[in-house]
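The structure file entry.txt is reproduced below (compact mmCIF, C-alpha atoms).
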# COMPACT_ATOMS: atom_id res chain seq x y z
CA MET A 25 -139.68 -219.68 16.73
CA ASP A 26 -136.59 -218.10 18.30
CA LEU A 27 -137.72 -215.93 21.23
CA TYR A 28 -135.60 -212.94 20.25
CA SER A 29 -136.96 -212.99 16.71
CA ALA A 30 -140.50 -213.26 18.03
CA SER A 31 -140.03 -210.20 20.26
CA ASP A 32 -138.61 -208.07 17.46
CA TRP A 33 -141.30 -209.01 14.92
CA TYR A 34 -140.44 -206.27 12.40
CA ASP A 35 -136.67 -206.53 12.92
CA ALA A 36 -136.09 -203.10 14.47
CA GLU A 37 -132.66 -204.38 15.47
CA GLY A 38 -131.89 -204.46 11.76
CA LEU A 39 -131.52 -200.67 11.95
CA LEU A 40 -128.32 -201.20 13.94
CA THR A 41 -124.87 -201.63 12.45
CA ASP A 42 -123.00 -204.91 12.61
CA ASP A 43 -120.65 -203.49 15.26
CA GLU A 44 -123.57 -202.29 17.36
CA ARG A 45 -125.19 -205.72 17.21
CA LEU A 46 -121.86 -207.29 18.15
CA VAL A 47 -121.62 -205.19 21.32
CA LEU A 48 -125.25 -205.90 22.20
CA GLY A 49 -124.64 -209.60 21.62
CA ARG A 50 -121.86 -209.42 24.19
CA LEU A 51 -124.31 -207.92 26.64
CA ARG A 52 -127.00 -210.45 25.79
CA ASP A 53 -124.66 -213.38 26.43
CA PHE A 54 -123.63 -211.94 29.80
CA LEU A 55 -127.21 -211.35 30.88
CA GLU A 56 -128.33 -214.81 29.80
CA THR A 57 -125.47 -216.79 31.34
CA THR A 58 -124.45 -214.70 34.36
CA ALA A 59 -127.24 -212.35 35.44
CA LYS A 60 -130.47 -214.18 34.71
CA PRO A 61 -129.71 -217.24 36.90
CA LEU A 62 -129.35 -214.91 39.91
CA VAL A 63 -132.26 -212.54 39.67
CA GLY A 64 -135.07 -214.71 41.04
CA ASP A 65 -133.38 -215.40 44.37
CA TYR A 66 -132.13 -211.83 44.78
CA TRP A 67 -135.54 -210.40 43.86
CA GLU A 68 -137.18 -212.55 46.53
CA ARG A 69 -134.65 -211.40 49.15
CA GLY A 70 -134.91 -207.76 48.16
CA GLU A 71 -131.18 -207.48 47.52
CA PHE A 72 -129.11 -206.52 44.48
CA PRO A 73 -126.60 -209.00 42.99
CA TYR A 74 -123.62 -206.68 43.25
CA GLU A 75 -121.33 -209.42 42.00
CA ILE A 76 -122.58 -208.65 38.48
CA ALA A 77 -121.96 -204.89 38.76
CA GLN A 78 -118.25 -204.78 37.92
CA PRO A 79 -118.46 -207.42 35.17
CA LEU A 80 -121.31 -205.39 33.67
CA ILE A 81 -119.17 -202.24 33.80
CA ASP A 82 -116.24 -204.15 32.29
CA LEU A 83 -118.33 -204.90 29.19
CA ASP A 84 -117.67 -201.24 28.18
CA LEU A 85 -121.24 -200.56 27.15
CA MET A 86 -121.77 -196.86 27.77
CA GLU A 87 -119.49 -195.61 24.97
CA PRO A 88 -117.90 -198.76 23.55
CA ALA A 89 -114.49 -198.15 22.01
CA GLU A 90 -115.39 -200.04 18.82
CA LEU A 91 -118.47 -197.84 18.26
CA THR A 92 -116.91 -194.48 19.10
CA ALA A 93 -113.52 -194.57 17.34
CA ASN A 94 -111.87 -194.87 20.75
CA ARG A 95 -114.22 -192.31 22.31
CA THR A 96 -113.66 -189.53 19.78
CA ARG A 97 -117.39 -189.48 18.95
CA PRO A 98 -120.52 -190.67 20.81
CA ALA A 99 -122.33 -193.91 20.07
CA ARG A 100 -125.66 -193.59 18.29
CA GLY A 101 -128.89 -193.07 20.17
CA LEU A 102 -130.38 -196.27 18.76
CA TYR A 103 -127.51 -198.27 20.21
CA HIS A 104 -128.14 -196.71 23.63
CA GLY A 105 -131.85 -197.50 23.33
CA PHE A 106 -131.32 -201.13 22.45
CA ARG A 107 -128.81 -201.47 25.28
CA ILE A 108 -131.56 -200.43 27.69
CA PHE A 109 -133.98 -202.79 25.92
CA GLU A 110 -131.61 -205.73 26.42
CA LEU A 111 -131.13 -204.95 30.11
CA ALA A 112 -134.85 -204.55 30.78
CA ARG A 113 -135.88 -207.72 28.95
CA THR A 114 -133.74 -209.54 31.51
CA ASP A 115 -134.69 -207.54 34.60
CA ALA A 116 -136.09 -204.09 35.31
CA SER A 117 -133.89 -203.55 38.38
CA ILE A 118 -130.72 -204.29 36.43
CA ALA A 119 -131.84 -201.86 33.74
CA THR A 120 -132.66 -199.23 36.35
CA PHE A 121 -129.33 -199.79 38.12
CA TYR A 122 -127.33 -199.30 34.92
CA THR A 123 -129.34 -196.37 33.59
CA ALA A 124 -129.05 -194.61 36.97
CA GLN A 125 -125.46 -193.97 35.85
CA ALA A 126 -125.64 -194.18 32.06
CA GLY A 127 -128.91 -192.27 31.75
CA LEU A 128 -129.89 -190.12 34.73
CA PHE A 129 -126.52 -189.15 36.19
CA ARG A 130 -124.86 -188.82 32.82
CA THR A 131 -127.69 -186.58 31.63
CA ALA A 132 -127.33 -184.43 34.73
CA ILE A 133 -123.68 -183.84 33.83
CA ARG A 134 -124.25 -183.54 30.08
CA VAL A 135 -127.04 -180.98 30.42
CA GLY A 136 -126.25 -179.33 33.75
CA ALA A 137 -122.47 -179.03 33.89
CA SER A 138 -120.40 -176.23 32.40
CA GLU A 139 -117.97 -177.10 29.61
CA GLU A 140 -115.08 -177.10 32.08
CA GLN A 141 -116.98 -179.36 34.47
CA LYS A 142 -117.92 -181.74 31.65
CA GLN A 143 -114.31 -182.04 30.55
CA GLU A 144 -113.38 -183.09 34.07
CA TRP A 145 -116.34 -185.27 35.00
CA MET A 146 -117.71 -186.87 31.84
CA PRO A 147 -114.79 -189.27 31.20
CA GLN A 148 -115.14 -190.46 34.79
CA VAL A 149 -118.89 -190.94 34.35
CA ILE A 150 -118.38 -193.01 31.21
CA ASP A 151 -115.85 -195.36 32.79
CA PHE A 152 -117.71 -195.45 36.14
CA THR A 153 -114.79 -194.07 38.15
CA LEU A 154 -117.25 -191.38 39.26
CA LYS A 155 -120.54 -193.06 40.16
CA GLY A 156 -123.53 -190.86 40.75
CA VAL A 157 -127.32 -190.78 41.06
CA PHE A 158 -130.05 -188.29 40.20
CA SER A 159 -131.63 -187.02 43.42
CA LEU A 160 -134.77 -185.04 42.60
CA THR A 161 -137.86 -186.72 44.11
CA GLU A 162 -138.71 -185.86 47.71
CA PRO A 163 -140.81 -187.54 50.42
CA GLU A 164 -143.70 -185.11 49.91
CA HIS A 165 -143.09 -184.06 46.31
CA GLY A 166 -143.06 -186.24 43.20
CA SER A 167 -145.46 -185.19 40.47
CA ASP A 168 -145.53 -181.63 41.85
CA ILE A 169 -141.77 -181.34 42.19
CA ALA A 170 -141.51 -178.37 39.81
CA GLY A 171 -143.29 -176.06 42.21
CA GLY A 172 -143.06 -178.10 45.39
CA LEU A 173 -139.35 -178.88 45.64
CA ALA A 174 -138.57 -178.20 49.30
CA THR A 175 -134.87 -179.02 49.73
CA THR A 176 -133.05 -175.73 50.24
CA ALA A 177 -129.64 -174.38 49.28
CA ARG A 178 -128.22 -171.36 51.07
CA ARG A 179 -124.95 -169.73 50.04
CA GLU A 180 -122.91 -168.43 52.94
CA PRO A 181 -122.24 -164.71 52.40
CA GLY A 182 -118.82 -163.89 51.04
CA THR A 183 -117.83 -167.54 50.53
CA ASP A 184 -118.00 -170.25 47.86
CA THR A 185 -119.83 -172.59 50.24
CA TRP A 186 -123.45 -173.72 49.97
CA VAL A 187 -125.45 -175.35 52.78
CA LEU A 188 -128.14 -177.89 51.84
CA ASP A 189 -131.06 -178.99 53.99
CA GLY A 190 -133.94 -181.32 53.13
CA ALA A 191 -134.69 -184.87 52.05
CA LYS A 192 -134.84 -186.99 48.90
CA ARG A 193 -136.66 -190.28 48.40
CA TRP A 194 -136.74 -193.22 45.97
CA ILE A 195 -133.14 -192.60 44.91
CA GLY A 196 -132.03 -195.84 43.27
CA GLY A 197 -128.36 -196.72 43.39
CA ALA A 198 -127.50 -194.18 46.09
CA PHE A 199 -125.79 -196.71 48.37
CA THR A 200 -123.03 -197.41 45.85
CA ALA A 201 -122.72 -193.90 44.41
CA ASP A 202 -119.74 -191.64 44.99
CA VAL A 203 -121.84 -188.50 44.62
CA LEU A 204 -125.50 -187.54 44.71
CA ALA A 205 -126.72 -185.01 42.15
CA VAL A 206 -128.99 -183.12 44.54
CA PHE A 207 -131.53 -180.56 43.33
CA ALA A 208 -132.35 -177.81 45.81
CA ARG A 209 -134.11 -174.46 45.84
CA ASP A 210 -131.86 -171.45 46.31
CA VAL A 211 -133.33 -169.44 49.21
CA ALA A 212 -131.94 -166.23 47.69
CA ASP A 213 -133.78 -166.29 44.36
CA GLY A 214 -136.21 -169.21 44.71
CA GLN A 215 -134.70 -170.97 41.69
CA VAL A 216 -133.64 -174.64 41.51
CA LYS A 217 -129.91 -175.36 41.56
CA ALA A 218 -128.03 -178.69 41.43
CA PHE A 219 -125.00 -179.91 43.40
CA LEU A 220 -122.74 -182.97 43.41
CA VAL A 221 -122.79 -184.02 47.05
CA PRO A 222 -120.37 -186.73 48.24
CA ARG A 223 -122.40 -189.65 49.58
CA GLU A 224 -120.32 -189.75 52.74
CA ALA A 225 -120.32 -185.99 53.36
CA PRO A 226 -121.12 -184.90 56.94
CA GLY A 227 -124.86 -184.41 57.31
CA VAL A 228 -125.83 -186.97 54.63
CA THR A 229 -127.85 -189.95 55.90
CA LEU A 230 -129.11 -192.81 53.73
CA GLU A 231 -131.83 -195.25 54.74
CA LYS A 232 -132.94 -198.23 52.66
CA ILE A 233 -136.61 -198.24 51.68
CA HIS A 234 -138.07 -201.59 52.71
CA ARG A 235 -141.38 -203.41 52.10
CA LYS A 236 -141.50 -202.79 48.34
CA THR A 237 -143.54 -205.00 46.02
CA ALA A 238 -141.79 -203.86 42.83
CA LEU A 239 -138.16 -203.37 41.79
CA ARG A 240 -137.27 -205.34 44.88
CA MET A 241 -133.65 -205.83 43.80
CA MET A 242 -133.12 -202.10 43.29
CA GLN A 243 -131.85 -200.53 46.47
CA ASN A 244 -133.83 -197.28 46.82
CA ALA A 245 -132.75 -194.77 49.42
CA HIS A 246 -134.40 -192.15 51.59
CA ILE A 247 -131.75 -189.43 51.88
CA THR A 248 -131.64 -186.80 54.61
CA LEU A 249 -129.52 -183.66 54.15
CA ASP A 250 -128.81 -181.81 57.39
CA GLY A 251 -126.54 -178.79 57.03
CA VAL A 252 -124.56 -180.43 54.21
CA ARG A 253 -121.79 -178.16 52.94
CA VAL A 254 -120.69 -178.17 49.29
CA THR A 255 -118.56 -175.77 47.31
CA GLU A 256 -119.50 -173.64 44.33
CA ALA A 257 -117.13 -175.77 42.25
CA ASP A 258 -119.43 -178.74 42.86
CA ARG A 259 -122.56 -176.90 41.75
CA LEU A 260 -123.74 -177.78 38.22
CA HIS A 261 -123.28 -174.35 36.71
CA ASN A 262 -125.83 -174.71 33.92
CA VAL A 263 -128.72 -175.53 36.28
CA ASN A 264 -130.26 -172.23 37.33
CA SER A 265 -134.01 -172.93 37.24
CA PHE A 266 -136.44 -175.82 36.96
CA ARG A 267 -136.49 -175.18 33.22
CA ASP A 268 -132.97 -176.63 33.13
CA VAL A 269 -134.15 -179.67 35.11
CA ALA A 270 -137.03 -180.12 32.63
CA ALA A 271 -134.47 -180.31 29.82
CA MET A 272 -132.94 -183.30 31.60
CA LEU A 273 -136.32 -184.96 32.14
CA ARG A 274 -137.34 -184.75 28.50
CA ALA A 275 -134.14 -186.60 27.58
CA MET A 276 -134.45 -189.20 30.34
CA ARG A 277 -138.08 -190.13 29.74
CA SER A 278 -137.08 -191.78 26.48
CA ASP A 279 -134.84 -194.14 28.49
CA VAL A 280 -137.80 -195.16 30.64
CA ALA A 281 -139.89 -195.79 27.53
CA TRP A 282 -137.17 -198.18 26.35
CA ILE A 283 -137.28 -199.89 29.77
CA ALA A 284 -141.07 -200.28 29.53
CA THR A 285 -140.62 -201.81 26.07
CA GLY A 286 -137.91 -204.17 27.27
CA ILE A 287 -140.09 -205.35 30.16
CA GLN A 288 -142.77 -206.25 27.64
CA ALA A 289 -140.25 -208.29 25.67
CA GLY A 290 -139.13 -210.14 28.79
CA ALA A 291 -142.69 -210.92 29.89
CA PHE A 292 -143.76 -211.95 26.38
CA GLU A 293 -140.76 -214.24 25.92
CA ALA A 294 -141.29 -215.86 29.33
CA ALA A 295 -144.97 -216.45 28.54
CA LEU A 296 -144.24 -217.82 25.07
CA ARG A 297 -141.59 -220.16 26.45
CA TYR A 298 -144.05 -221.44 29.04
CA VAL A 299 -147.07 -222.06 26.81
CA THR A 300 -144.99 -223.87 24.19
CA GLY A 301 -143.65 -226.22 26.83
CA ARG A 302 -146.66 -226.80 29.08
CA GLU A 303 -149.52 -229.23 28.44
CA GLN A 304 -153.07 -229.11 29.78
CA PHE A 305 -156.10 -231.19 28.72
CA GLY A 306 -153.75 -233.41 26.76
CA ARG A 307 -152.36 -230.72 24.46
CA GLN A 308 -149.85 -227.89 24.47
CA LEU A 309 -151.13 -224.62 25.97
CA GLY A 310 -149.88 -222.74 22.93
CA GLY A 311 -152.41 -224.59 20.79
CA PHE A 312 -155.47 -223.09 22.47
CA GLN A 313 -157.28 -220.27 20.69
CA LEU A 314 -157.60 -217.99 23.71
CA VAL A 315 -153.91 -218.34 24.55
CA GLN A 316 -152.92 -217.51 20.99
CA GLU A 317 -155.15 -214.44 21.00
CA LYS A 318 -153.43 -213.17 24.17
CA LEU A 319 -150.00 -213.86 22.69
CA ALA A 320 -150.94 -211.87 19.60
CA ARG A 321 -152.11 -208.92 21.71
CA MET A 322 -148.88 -208.98 23.72
CA LEU A 323 -146.86 -208.99 20.53
CA GLY A 324 -148.93 -206.14 19.12
CA ASN A 325 -148.30 -204.05 22.24
CA LEU A 326 -144.60 -204.82 22.19
CA THR A 327 -144.21 -204.13 18.48
CA SER A 328 -146.09 -200.85 18.77
CA SER A 329 -143.92 -199.80 21.70
CA LEU A 330 -140.70 -200.71 19.93
CA ALA A 331 -141.72 -198.72 16.86
CA LEU A 332 -142.56 -195.74 19.08
CA VAL A 333 -139.25 -195.66 20.96
CA VAL A 334 -137.21 -196.25 17.82
CA ARG A 335 -138.83 -193.30 16.06
CA LEU A 336 -138.53 -191.08 19.14
CA THR A 337 -134.84 -191.93 19.39
CA GLU A 338 -134.30 -191.18 15.72
CA GLN A 339 -135.90 -187.77 16.21
CA GLN A 340 -133.78 -187.02 19.25
CA GLU A 341 -130.69 -188.07 17.33
CA LYS A 342 -131.53 -185.25 14.92
CA GLY A 343 -131.66 -182.82 17.85
CA VAL A 344 -135.46 -182.74 18.16
CA TYR A 345 -136.15 -182.81 21.91
CA ARG A 346 -139.71 -181.90 22.87
CA ASP A 347 -141.39 -182.51 26.22
CA GLN A 348 -144.52 -183.83 24.55
CA ASP A 349 -142.61 -186.39 22.48
CA SER A 350 -140.85 -188.10 25.37
CA ALA A 351 -144.00 -187.77 27.52
CA LEU A 352 -146.12 -189.48 24.87
CA ALA A 353 -143.63 -192.33 24.53
CA LYS A 354 -143.35 -192.88 28.27
CA MET A 355 -147.12 -192.67 28.72
CA GLN A 356 -148.02 -195.07 25.92
CA THR A 357 -145.30 -197.68 26.33
CA SER A 358 -146.04 -197.87 30.07
CA LEU A 359 -149.76 -198.24 29.43
CA LEU A 360 -149.17 -201.04 26.92
CA MET A 361 -146.62 -202.60 29.28
CA ARG A 362 -149.23 -202.87 32.00
CA GLU A 363 -151.56 -204.82 29.72
CA THR A 364 -148.77 -206.96 28.31
CA VAL A 365 -147.48 -208.16 31.67
CA ALA A 366 -151.06 -208.83 32.83
CA LEU A 367 -151.73 -210.96 29.74
CA ALA A 368 -148.47 -212.82 30.29
CA ARG A 369 -149.55 -213.53 33.86
CA GLU A 370 -152.89 -214.83 32.58
CA VAL A 371 -151.55 -217.30 30.05
CA VAL A 372 -149.10 -218.77 32.56
CA GLY A 373 -151.97 -219.45 34.97
CA GLY A 374 -151.29 -220.22 38.62
CA ASN A 375 -147.57 -220.65 37.98
CA GLY A 376 -147.53 -217.03 36.87
CA ILE A 377 -147.36 -215.89 40.49
CA THR A 378 -144.11 -217.76 41.10
CA LEU A 379 -140.64 -216.43 40.32
CA ASP A 380 -139.73 -219.65 38.53
CA THR A 381 -141.54 -218.62 35.34
CA GLU A 382 -140.08 -215.04 35.45
CA VAL A 383 -143.51 -213.62 34.57
CA ALA A 384 -144.32 -212.66 38.17
CA ARG A 385 -141.19 -210.53 38.41
CA PHE A 386 -141.99 -208.58 35.24
CA HIS A 387 -145.61 -208.27 36.33
CA ALA A 388 -144.67 -206.71 39.68
CA ASP A 389 -141.80 -204.54 38.44
CA ALA A 390 -143.96 -203.00 35.72
CA GLU A 391 -145.94 -201.15 38.39
CA ALA A 392 -142.89 -199.17 39.46
CA VAL A 393 -141.93 -198.31 35.89
CA TYR A 394 -145.52 -197.24 35.19
CA SER A 395 -145.13 -194.52 37.82
CA TYR A 396 -141.55 -193.26 37.75
CA GLU A 397 -140.21 -190.52 35.45
CA GLY A 398 -143.71 -189.06 35.33
CA THR A 399 -146.98 -190.83 36.08
CA HIS A 400 -149.44 -191.63 33.29
CA GLU A 401 -151.53 -188.60 34.21
CA ILE A 402 -148.63 -186.14 34.32
CA ASN A 403 -147.34 -187.26 30.93
CA ALA A 404 -150.85 -187.14 29.47
CA LEU A 405 -151.20 -183.53 30.61
CA ILE A 406 -147.87 -182.63 29.02
CA VAL A 407 -149.16 -184.05 25.72
CA GLY A 408 -152.55 -182.39 26.21
CA ARG A 409 -150.92 -179.01 26.77
CA ALA A 410 -149.01 -179.37 23.51
CA LEU A 411 -152.17 -180.36 21.65
CA THR A 412 -154.41 -177.59 22.92
CA GLY A 413 -152.04 -174.82 23.89
CA GLN A 414 -153.64 -174.76 27.34
CA SER A 415 -152.13 -176.04 30.57
CA ALA A 416 -154.43 -178.18 32.72
CA PHE A 417 -151.90 -178.45 35.54
CA THR A 418 -153.14 -177.15 38.87
CA LYS A 419 -151.28 -174.27 40.47
Conversion result in structure tokens:
Amino acid sequence: MDLYSASDWYDAEGLLTDDERLVLGRLRDFLETTAKPLVGDYWERGEFPYEIAQPLIDLDLMEPAELTANRTRPARGLYHGFRIFELARTDASIATFYTAQAGLFRTAIRVGASEEQKQEWMPQVIDFTLKGVFSLTEPEHGSDIAGGLATTARREPGTDTWVLDGAKRWIGGAFTADVLAVFARDVADGQVKAFLVPREAPGVTLEKIHRKTALRMMQNAHITLDGVRVTEADRLHNVNSFRDVAAMLRAMRSDVAWIATGIQAGAFEAALRYVTGREQFGRQLGGFQLVQEKLARMLGNLTSSLALVVRLTEQQEKGVYRDQDSALAKMQTSLLMRETVALAREVVGGNGITLDTEVARFHADAEAVYSYEGTHEINALIVGRALTGQSAFTK
């Protein structure tokens, strides 16, 4: 059976238009012929294959002209979801690299910028002439960032200048960004604000995070902000509390759920390819009962996840954005992803710990995706709060 057909058992891709499938086919060909041959070696070295970055941008995937009537209307949410799915089924770092711009940074501008700011910045975001990253997580604050955010912003009296001090951590894509969308707490009112900080501004220091065992190709940065000065014009004017940041997170978690689903597809396809080509005990591995049972469970997880993210995206396309919906999708797809990549590792046997089969890469990268954009526990508590009307978060 064709691997792509096997992954999309119920033909969710059939919900796309012919033009949308054509654009995604262009991406799929690029990933298969240009990106995939590189990722194993780069993953092992802990480096990103930047030679694929510009060709990937040149594919015009964020708002393709043929899908948007030459950018007069946005592409559909399902197209955006399947674009993430295609990237992640090849490699989680490539998906994270692209969605750092197309998902996180774009959402920061779409939700946080004023109309005037959006008119100026959004076209540059879409064509990548303004590259940015979402800088929220801090060295001591991840899950508790809502109340614990420690980076400060102080406006100089009588001026339009803000001074930022603090640190951010795990910021993927920061080394190639033009600006960092930095979230800081205003010392005057205690509320969270957001600023576009030039990466090379005085007082900004970036350090690469080493010794990672997941998303090794993704270049994550530890960022220090020491007396960094930015103007009021570079503050995102619609971000005036953490409530505004939460509006961004509920939109972005759906992207991560698509990544978790794509990782399952990549691991499942790699495992299926292996067991239908490998022989043990004089017969093909795919002919053993226990192997087939594991393949069926992987497919069930993947199919369930794909159905979940498709329906979530359809709801969001109608304007229904609820914290509990995106939290449930991220929680469940990541949980199923963890089992799927473990089963893939099992059926490939000892070779499953080598990069040659691709399974090891998906298996390791899944651990990072399981945790970012809200851990399992945090997302479960968001859903639990919606179900019971009672918050179980600690103060």
Using all atoms listed in the file, which of the listed residues (A:Ile195, A:Leu128, A:Ala205, A:Leu188) sits closest to A:Gln243? A:Ile195
Pick from A:Thr300, A:Gln288, A:Ser278, A:Asn375: nearest to A:Asp115, with only C-alpha atoms counted? A:Gln288
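In this structure, atom CA of A:Arg193 sits 26.6 Å away from atom CA of A:Val407.
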Just the residues within 9 Å of A:Thr255, please, counting only C-alpha atoms, with nothing from its chain fewer than 3 positions along; format it as a list in words. Thr183, Asp184, Thr185, Trp186, Val187, Phe219, Asp258 and Arg259 of chain A
For a test of reading the model, state the distance in Å between atom CA of A:Val372 and atom CA of A:Ala295, rounded to one decimal.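 About the pair atom CA of A:Val372 and atom CA of A:Ala295: they are 6.2 Å apart.
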Out of A:Ala212, A:Ala36, A:Met272, A:Ala201, which residue has the shortest atom-to-atom distance to A:Ser328 when counting only C-alpha atoms?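 Using only C-alpha atoms, A:Ser328 sits closest to A:Ala36.
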Check the smallest atom-to-atom distance from each of A:Trp145, A:Tyr28, A:Phe207, A:Phe292 to A:Asn264 using all atoms listed in the file, then report the winner.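 Among the listed residues, A:Phe207 lies closest to A:Asn264.
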Counting only C-alpha atoms, closest pick from A:Thr399, A:Thr114, A:Thr412, A:Thr92 relative to A:Gly166 is A:Thr399
Could you check which of A:Ile118, A:Ala245, A:Gln125, A:Asp151 is closest to A:Pro163, using all atoms listed in the file? A:Ala245
Please report as a Markdown table every residue of stretch 313-404 of chain A lying within 12 Å of stretch 68-72 of chain A, along with the nearest atom pair and their distance in Å (one decimal), using only C-alpha atoms.
| residue | atom | partner | partner_atom | distance |
| --- | --- | --- | --- | --- |
| A:Thr378 | CA | A:Glu68 | CA | 10.2 |
| A:Leu379 | CA | A:Glu68 | CA | 8.1 |
| A:Asp380 | CA | A:Glu68 | CA | 11.0 |
| A:Glu382 | CA | A:Glu68 | CA | 11.7 |
| A:Ala384 | CA | A:Glu68 | CA | 11.0 |
| A:Arg385 | CA | A:Glu68 | CA | 9.3 |
| A:Ala388 | CA | A:Glu68 | CA | 11.7 |
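Shell of A:Leu55 at 10 Å, with only C-alpha atoms counted and residues fewer than 2 places along the chain excluded, is A:Gly49, A:Arg50, A:Leu51, A:Arg52, A:Asp53, A:Thr57, A:Thr58, A:Ala59, A:Lys60, A:Pro61, A:Leu62, A:Ile76, A:Leu80, A:Glu110, A:Leu111, A:Arg113, A:Thr114, A:Asp115, A:Ile118.
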Kindly save the residues from that selection, with C-alpha atoms included, as a PDB file, keeping the file's coordinate frame.
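result_25.pdb was written with the following content:
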ATOM      1  CA  GLY A  49    -124.640-209.600  21.620  1.00  0.00           C
ATOM      2  CA  ARG A  50    -121.860-209.420  24.190  1.00  0.00           C
ATOM      3  CA  LEU A  51    -124.310-207.920  26.640  1.00  0.00           C
ATOM      4  CA  ARG A  52    -127.000-210.450  25.790  1.00  0.00           C
ATOM      5  CA  ASP A  53    -124.660-213.380  26.430  1.00  0.00           C
ATOM      6  CA  THR A  57    -125.470-216.790  31.340  1.00  0.00           C
ATOM      7  CA  THR A  58    -124.450-214.700  34.360  1.00  0.00           C
ATOM      8  CA  ALA A  59    -127.240-212.350  35.440  1.00  0.00           C
ATOM      9  CA  LYS A  60    -130.470-214.180  34.710  1.00  0.00           C
ATOM     10  CA  PRO A  61    -129.710-217.240  36.900  1.00  0.00           C
ATOM     11  CA  LEU A  62    -129.350-214.910  39.910  1.00  0.00           C
ATOM     12  CA  ILE A  76    -122.580-208.650  38.480  1.00  0.00           C
ATOM     13  CA  LEU A  80    -121.310-205.390  33.670  1.00  0.00           C
ATOM     14  CA  GLU A 110    -131.610-205.730  26.420  1.00  0.00           C
ATOM     15  CA  LEU A 111    -131.130-204.950  30.110  1.00  0.00           C
ATOM     16  CA  ARG A 113    -135.880-207.720  28.950  1.00  0.00           C
ATOM     17  CA  THR A 114    -133.740-209.540  31.510  1.00  0.00           C
ATOM     18  CA  ASP A 115    -134.690-207.540  34.600  1.00  0.00           C
ATOM     19  CA  ILE A 118    -130.720-204.290  36.430  1.00  0.00           C
TER      20      ILE A 118
END
Filled-in N, CA and C atoms of stretch 385-400 of chain A, supplied as a PDB file, in the coordinates of the input:
ATOM      1  N   ARG A 385    -142.136-211.612  38.181  1.00  0.00           N
ATOM      2  CA  ARG A 385    -141.190-210.530  38.410  1.00  0.00           C
ATOM      3  C   ARG A 385    -141.464-209.356  37.473  1.00  0.00           C
ATOM      4  N   PHE A 386    -141.658-209.642  36.194  1.00  0.00           N
ATOM      5  CA  PHE A 386    -141.990-208.580  35.240  1.00  0.00           C
ATOM      6  C   PHE A 386    -143.326-207.925  35.586  1.00  0.00           C
ATOM      7  N   HIS A 387    -144.277-208.754  36.000  1.00  0.00           N
ATOM      8  CA  HIS A 387    -145.610-208.270  36.330  1.00  0.00           C
ATOM      9  C   HIS A 387    -145.556-207.275  37.487  1.00  0.00           C
ATOM     10  N   ALA A 388    -144.781-207.597  38.519  1.00  0.00           N
ATOM     11  CA  ALA A 388    -144.670-206.710  39.680  1.00  0.00           C
ATOM     12  C   ALA A 388    -143.834-205.475  39.368  1.00  0.00           C
ATOM     13  N   ASP A 389    -142.704-205.667  38.705  1.00  0.00           N
ATOM     14  CA  ASP A 389    -141.800-204.540  38.440  1.00  0.00           C
ATOM     15  C   ASP A 389    -142.421-203.502  37.521  1.00  0.00           C
ATOM     16  N   ALA A 390    -143.328-203.941  36.653  1.00  0.00           N
ATOM     17  CA  ALA A 390    -143.960-203.000  35.720  1.00  0.00           C
ATOM     18  C   ALA A 390    -144.689-201.884  36.460  1.00  0.00           C
ATOM     19  N   GLU A 391    -145.209-202.178  37.646  1.00  0.00           N
ATOM     20  CA  GLU A 391    -145.940-201.150  38.390  1.00  0.00           C
ATOM     21  C   GLU A 391    -145.060-199.983  38.782  1.00  0.00           C
ATOM     22  N   ALA A 392    -143.807-200.260  39.117  1.00  0.00           N
ATOM     23  CA  ALA A 392    -142.890-199.170  39.460  1.00  0.00           C
ATOM     24  C   ALA A 392    -142.561-198.345  38.220  1.00  0.00           C
ATOM     25  N   VAL A 393    -142.291-199.012  37.123  1.00  0.00           N
ATOM     26  CA  VAL A 393    -141.930-198.310  35.890  1.00  0.00           C
ATOM     27  C   VAL A 393    -143.118-197.486  35.382  1.00  0.00           C
ATOM     28  N   TYR A 394    -144.323-197.977  35.589  1.00  0.00           N
ATOM     29  CA  TYR A 394    -145.520-197.240  35.190  1.00  0.00           C
ATOM     30  C   TYR A 394    -145.575-195.867  35.840  1.00  0.00           C
ATOM     31  N   SER A 395    -145.013-195.761  37.063  1.00  0.00           N
ATOM     32  CA  SER A 395    -145.130-194.520  37.820  1.00  0.00           C
ATOM     33  C   SER A 395    -143.906-193.609  37.741  1.00  0.00           C
ATOM     34  N   TYR A 396    -142.688-194.177  37.646  1.00  0.00           N
ATOM     35  CA  TYR A 396    -141.550-193.260  37.750  1.00  0.00           C
ATOM     36  C   TYR A 396    -141.249-192.537  36.441  1.00  0.00           C
ATOM     37  N   GLU A 397    -140.473-191.446  36.558  1.00  0.00           N
ATOM     38  CA  GLU A 397    -140.210-190.520  35.450  1.00  0.00           C
ATOM     39  C   GLU A 397    -141.498-189.938  34.872  1.00  0.00           C
ATOM     40  N   GLY A 398    -142.446-189.653  35.749  1.00  0.00           N
ATOM     41  CA  GLY A 398    -143.710-189.060  35.330  1.00  0.00           C
ATOM     42  C   GLY A 398    -144.816-190.098  35.290  1.00  0.00           C
ATOM     43  N   THR A 399    -145.849-189.915  36.093  1.00  0.00           N
ATOM     44  CA  THR A 399    -146.980-190.830  36.080  1.00  0.00           C
ATOM     45  C   THR A 399    -147.719-190.724  34.732  1.00  0.00           C
ATOM     46  N   HIS A 400    -148.624-191.659  34.510  1.00  0.00           N
ATOM     47  CA  HIS A 400    -149.440-191.630  33.290  1.00  0.00           C
ATOM     48  C   HIS A 400    -150.161-190.294  33.161  1.00  0.00           C
TER      49      HIS A 400
END
